[in-house]
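Quick look at upload.txt (compact mmCIF, C-alpha atoms):
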```txt
# COMPACT_ATOMS: atom_id res chain seq x y z
CA MET Q 2 -15.82 15.35 32.19
CA ILE Q 3 -12.23 14.84 31.09
CA THR Q 4 -13.25 11.69 29.21
CA PHE Q 5 -15.93 13.65 27.36
CA ILE Q 6 -13.47 16.43 26.47
CA GLY Q 7 -10.93 13.82 25.33
CA LEU Q 8 -13.50 12.18 23.07
CA CYS Q 9 -14.48 15.59 21.68
CA ILE Q 10 -10.81 16.32 20.95
CA ILE Q 11 -10.45 13.03 19.06
CA PHE Q 12 -13.70 13.62 17.14
CA ALA Q 13 -12.67 17.20 16.25
CA ILE Q 14 -9.22 16.14 15.04
CA VAL Q 15 -10.59 13.28 12.93
CA THR Q 16 -13.32 15.50 11.47
CA LEU Q 17 -10.90 18.30 10.61
CA LEU Q 18 -8.43 15.90 9.02
CA LEU Q 19 -11.03 13.95 7.02
CA THR Q 20 -12.68 17.12 5.71
CA GLU Q 21 -9.24 18.63 5.02
CA LYS Q 22 -10.21 21.86 6.79
CA THR Q 23 -6.74 22.20 8.33
CA SER Q 24 -3.28 20.72 8.18
CA PRO Q 25 -2.45 17.79 10.47
CA ILE Q 26 0.12 19.84 12.40
CA ILE Q 27 -2.42 22.54 13.28
CA ALA Q 28 -5.11 20.01 14.22
CA LEU Q 29 -2.79 17.91 16.38
CA ILE Q 30 -1.41 20.93 18.24
CA LEU Q 31 -4.29 23.40 18.49
CA ILE Q 32 -7.26 21.13 19.24
CA PRO Q 33 -5.67 19.32 22.25
CA PHE Q 34 -4.45 22.69 23.56
CA ILE Q 35 -7.97 24.15 23.39
CA GLY Q 36 -9.36 20.96 24.95
CA ALA Q 37 -6.89 21.20 27.85
CA LEU Q 38 -7.90 24.82 28.45
CA LEU Q 39 -11.59 23.84 28.40
CA ALA Q 40 -10.82 21.07 30.91
CA GLY Q 41 -9.55 23.73 33.30
CA PHE Q 42 -5.81 23.13 33.11
CA SER Q 43 -3.49 26.13 33.44
CA LEU Q 44 -0.86 27.04 30.86
CA ASP Q 45 1.81 25.87 33.31
CA GLU Q 46 0.14 22.44 33.65
CA ILE Q 47 -0.28 22.15 29.89
CA GLY Q 48 3.42 22.94 29.48
CA LYS Q 49 4.31 20.15 31.91
CA PHE Q 50 2.02 17.74 30.03
CA TYR Q 51 3.77 18.70 26.79
CA GLN Q 52 7.25 18.20 28.24
CA SER Q 53 6.33 14.85 29.77
CA GLY Q 54 4.69 13.59 26.58
CA THR Q 55 7.50 14.82 24.36
CA ARG Q 56 10.12 13.23 26.59
CA SER Q 57 8.35 9.86 26.48
CA VAL Q 58 8.20 9.66 22.66
CA MET Q 59 11.37 11.51 21.68
CA GLN Q 60 13.53 8.41 21.13
CA ILE Q 61 10.97 6.76 18.87
CA ALA Q 62 10.36 10.00 16.97
CA ILE Q 63 14.09 10.49 16.37
CA MET Q 64 14.43 6.87 15.26
CA PHE Q 65 11.58 7.32 12.77
CA ILE Q 66 12.96 10.61 11.44
CA PHE Q 67 16.37 9.14 10.74
CA ALA Q 68 14.94 5.86 9.44
CA ILE Q 69 12.72 7.73 6.99
CA LEU Q 70 15.66 9.83 5.83
CA PHE Q 71 17.98 6.82 5.59
CA PHE Q 72 15.58 4.53 3.74
CA GLY Q 73 14.41 7.41 1.53
CA ILE Q 74 17.98 8.15 0.45
CA MET Q 75 18.76 4.46 -0.02
CA ASN Q 76 15.63 4.06 -2.15
CA ASP Q 77 16.46 7.15 -4.23
CA VAL Q 78 19.96 5.92 -5.04
CA GLY Q 79 18.56 2.52 -6.06
CA LEU Q 80 19.95 0.39 -3.24
CA PHE Q 81 16.79 -1.71 -3.10
CA ASN Q 82 16.49 -2.20 -6.88
CA PRO Q 83 18.51 -5.46 -6.99
CA LEU Q 84 16.53 -6.80 -4.02
CA ILE Q 85 13.24 -5.86 -5.68
CA ARG Q 86 14.28 -7.49 -8.96
CA LYS Q 87 15.29 -10.65 -7.07
CA LEU Q 88 12.00 -10.72 -5.14
CA VAL Q 89 9.97 -10.22 -8.34
CA GLU Q 90 11.99 -13.01 -9.97
CA LEU Q 91 11.56 -15.25 -6.91
CA THR Q 92 7.79 -14.70 -6.72
CA ARG Q 93 7.44 -14.54 -10.52
CA GLY Q 94 5.22 -11.49 -9.98
CA ASN Q 95 2.68 -13.59 -8.06
CA VAL Q 96 0.89 -11.20 -5.71
CA ILE Q 97 -0.34 -14.07 -3.52
CA ALA Q 98 3.25 -15.12 -2.85
CA VAL Q 99 4.14 -11.53 -2.00
CA THR Q 100 1.25 -11.23 0.45
CA VAL Q 101 2.12 -14.54 2.13
CA GLY Q 102 5.74 -13.40 2.35
CA THR Q 103 4.59 -10.12 3.87
CA VAL Q 104 2.68 -11.97 6.59
CA ILE Q 105 5.64 -14.25 7.36
CA ILE Q 106 8.12 -11.37 7.53
CA SER Q 107 5.73 -9.26 9.63
CA THR Q 108 5.08 -12.10 12.04
CA ILE Q 109 8.77 -12.77 12.59
CA ALA Q 110 9.58 -9.06 12.94
CA GLN Q 111 6.81 -8.58 15.53
CA LEU Q 112 7.99 -11.35 17.86
CA ASP Q 113 9.75 -8.77 20.05
CA GLY Q 114 6.47 -6.89 20.44
CA ALA Q 115 7.84 -3.52 19.32
CA GLY Q 116 5.62 -2.06 16.63
CA ALA Q 117 8.04 0.70 15.64
CA SER Q 118 10.87 -1.70 14.82
CA THR Q 119 8.45 -4.01 13.01
CA PHE Q 120 7.33 -1.23 10.70
CA LEU Q 121 10.93 -0.12 10.14
CA LEU Q 122 11.99 -3.66 9.24
CA VAL Q 123 9.06 -4.51 6.97
CA VAL Q 124 7.90 -1.38 5.16
CA PRO Q 125 11.12 0.02 3.59
CA PRO Q 126 12.09 -3.13 1.69
CA LEU Q 127 8.56 -4.25 0.79
CA LEU Q 128 6.91 -0.96 -0.20
CA PRO Q 129 9.01 -0.61 -3.39
CA LEU Q 130 8.14 -4.23 -4.25
CA TYR Q 131 4.44 -3.48 -3.83
CA LYS Q 132 4.83 -0.43 -6.08
CA GLN Q 133 6.76 -2.44 -8.69
CA LEU Q 134 3.98 -5.04 -8.81
CA ARG Q 135 1.30 -2.30 -8.76
CA MET Q 136 -0.16 -3.67 -5.53
CA ASN Q 137 -2.11 -1.34 -3.26
CA PRO Q 138 0.22 -0.15 -0.45
CA TYR Q 139 -2.72 -0.29 1.96
CA LEU Q 140 -2.58 -4.07 1.59
CA LEU Q 141 0.98 -4.02 2.95
CA PHE Q 142 -0.11 -2.06 6.00
CA LEU Q 143 -3.22 -4.20 6.49
CA LEU Q 144 -1.21 -7.42 6.44
CA LEU Q 145 1.49 -5.93 8.66
CA ALA Q 146 -0.97 -4.67 11.28
CA ALA Q 147 -3.02 -7.88 11.25
CA SER Q 148 0.08 -10.04 11.65
CA ALA Q 149 1.38 -7.85 14.46
CA GLY Q 150 -1.98 -7.99 16.21
CA VAL Q 151 -2.09 -11.77 16.10
CA VAL Q 152 1.48 -12.12 17.40
CA ASN Q 153 0.74 -9.68 20.23
CA MET Q 154 -2.02 -12.00 21.49
CA LEU Q 155 0.12 -15.14 21.52
CA PRO Q 156 1.66 -16.39 24.77
CA TRP Q 157 5.18 -16.02 23.37
CA GLY Q 158 4.60 -12.51 21.97
CA GLY Q 159 6.56 -9.58 23.36
CA PRO Q 160 3.63 -7.77 25.02
CA THR Q 161 2.55 -10.91 26.87
CA GLY Q 162 6.02 -11.26 28.36
CA ARG Q 163 5.95 -7.65 29.50
CA VAL Q 164 2.50 -8.10 31.08
CA ALA Q 165 3.70 -11.22 32.90
CA THR Q 166 6.75 -9.33 34.18
CA VAL Q 167 4.67 -6.41 35.44
CA LEU Q 168 2.19 -8.72 37.17
CA GLY Q 169 4.99 -10.87 38.58
CA LYS Q 170 3.47 -14.02 37.08
CA ASP Q 171 4.59 -16.73 34.71
CA VAL Q 172 3.23 -16.50 31.16
CA ALA Q 173 1.66 -19.95 31.64
CA GLU Q 174 -0.49 -18.47 34.43
CA LEU Q 175 -1.89 -15.90 32.00
CA TYR Q 176 -2.82 -18.63 29.50
CA PRO Q 177 -4.19 -21.59 31.48
CA PRO Q 178 -5.15 -24.66 29.41
CA PRO Q 179 -8.91 -24.98 28.75
```
Here is the file; what I need is its structure written in the form of structure tokens.
Amino acid sequence: MITFIGLCIIFAIVTLLLTEKTSPIIALILIPFIGALLAGFSLDEIGKFYQSGTRSVMQIAIMFIFAILFFGIMNDVGLFNPLIRKLVELTRGNVIAVTVGTVIISTIAQLDGAGASTFLLVVPPLLPLYKQLRMNPYLLFLLLAASAGVVNMLPWGGPTGRVATVLGKDVAELYPPP
């Protein structure tokens, strides 16, 4: 039953956001709250869920808030302009070179397996370059996510090391030769 309610919550949020019937803040707060009530949880239990969930993501949320502020201010004052000019000069405006560079940078940044730091390392310097070259920013995120996904499946990727640690096994045991 809880699985069904959870899927309904996800469907309702996605539907409301795609049809623009409500703001994301309202949808992400109100719909899960109503779903928790329908699942039979008390207000006290819902409060504990909220505190536990907030506590677990607070450090990453704070890091993103300050990173967005920092990189936004740095971009507004033109800190990245010399870097962008140099990258445009280096690639000669070749979008293929920029996309290959994006994949290389994303792959190296994802080696630790932390998606938040990967996005913070790759997006702020490359997004202005993509805008300068009139490239679709979705391409940046597509290449970044695809590169991160591939690295996460490799034996030397960060998540694989964490899985091996939790299971108490060597990484070689998780990837036996064919």
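Distances to Gly41 of chain Q were evaluated for Q:Ile66, Q:Ile106, Q:Leu91, Q:Ile6 using all atoms listed in the file, and the minimum falls at Q:Ile6.
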Within 7 Å of Ser107 of chain Q, counting all atoms listed in the file, which residues show up once you throw out same-chain ones fewer than 3 positions away? Write them as an mmCIF file with C-alpha atoms, in the coordinates of the input, please.
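The new file part-v5.cif reads:
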```
data_model
loop_
_atom_site.group_PDB
_atom_site.id
_atom_site.type_symbol
_atom_site.label_atom_id
_atom_site.label_comp_id
_atom_site.auth_asym_id
_atom_site.auth_seq_id
_atom_site.Cartn_x
_atom_site.Cartn_y
_atom_site.Cartn_z
ATOM 1 C CA THR Q 103 4.590 -10.120 3.870
ATOM 2 C CA VAL Q 104 2.680 -11.970 6.590
ATOM 3 C CA ALA Q 110 9.580 -9.060 12.940
ATOM 4 C CA GLN Q 111 6.810 -8.580 15.530
ATOM 5 C CA THR Q 119 8.450 -4.010 13.010
ATOM 6 C CA VAL Q 123 9.060 -4.510 6.970
ATOM 7 C CA LEU Q 145 1.490 -5.930 8.660
ATOM 8 C CA SER Q 148 0.080 -10.040 11.650
ATOM 9 C CA ALA Q 149 1.380 -7.850 14.460
#
```
Of the listed residues Q:Pro25, Q:Ile14, Q:Val96, Q:Arg86, that which approaches Asn137 of chain Q most closely, counting only C-alpha atoms: Q:Val96
Cut-off 12 Å around (7.1, -12.8, 30.6) with only C-alpha atoms: residues as number ranges by chain: Q: 113-114, 155-176
Nearby residues (only C-alpha atoms) at most 12 Å from segment 126-133 of chain Q, same-chain spacing under 5 positions excluded, as a PyMOL selection string: chain Q and resi 72-73+75-77+79-92+94-100+102-104+106-107+119-121+138-142+144-145
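Between atom CA of Leu70 of chain Q and atom CA of Leu112 of chain Q lies a distance of 25.5 Å.
Among the candidate residues Q:Leu8, Q:Ile105, Q:Met64, Q:Leu122, the one lying nearest to Ala147 of chain Q is Q:Ile105, with distances computed using all atoms listed in the file.
Between Ala117 of chain Q and the candidates Q:Ile3, Q:Ile11, Q:Ala28, Q:Ile61, the tightest atom-to-atom separation, counting all atoms listed in the file, involves Q:Ile61.
Atom to atom, atom CA of Val15 of chain Q and atom CA of Met2 of chain Q stand 20.1 Å apart.
Close contacts of Ile27 of chain Q, defined as residues with an atom at most 10 Å away when counting all atoms listed in the file, with chain neighbours fewer than 5 positions off set aside, comprise Ile14, Leu17, Leu18 and Ile32 of chain Q.
The coordinates place atom CA of Ser53 of chain Q at 23.7 Å from atom CA of Phe12 of chain Q.
The shortest atom-to-atom distance to Cys9 of chain Q, with only C-alpha atoms taken into account, belongs to Q:Ala40 out of Q:Val101, Q:Ala146, Q:Ala40, Q:Ala115.
Considering all atoms listed in the file, the residue among Q:Leu134, Q:Ile10, Q:Met154, Q:Leu19 positioned nearest to Phe34 of chain Q is Q:Ile10.
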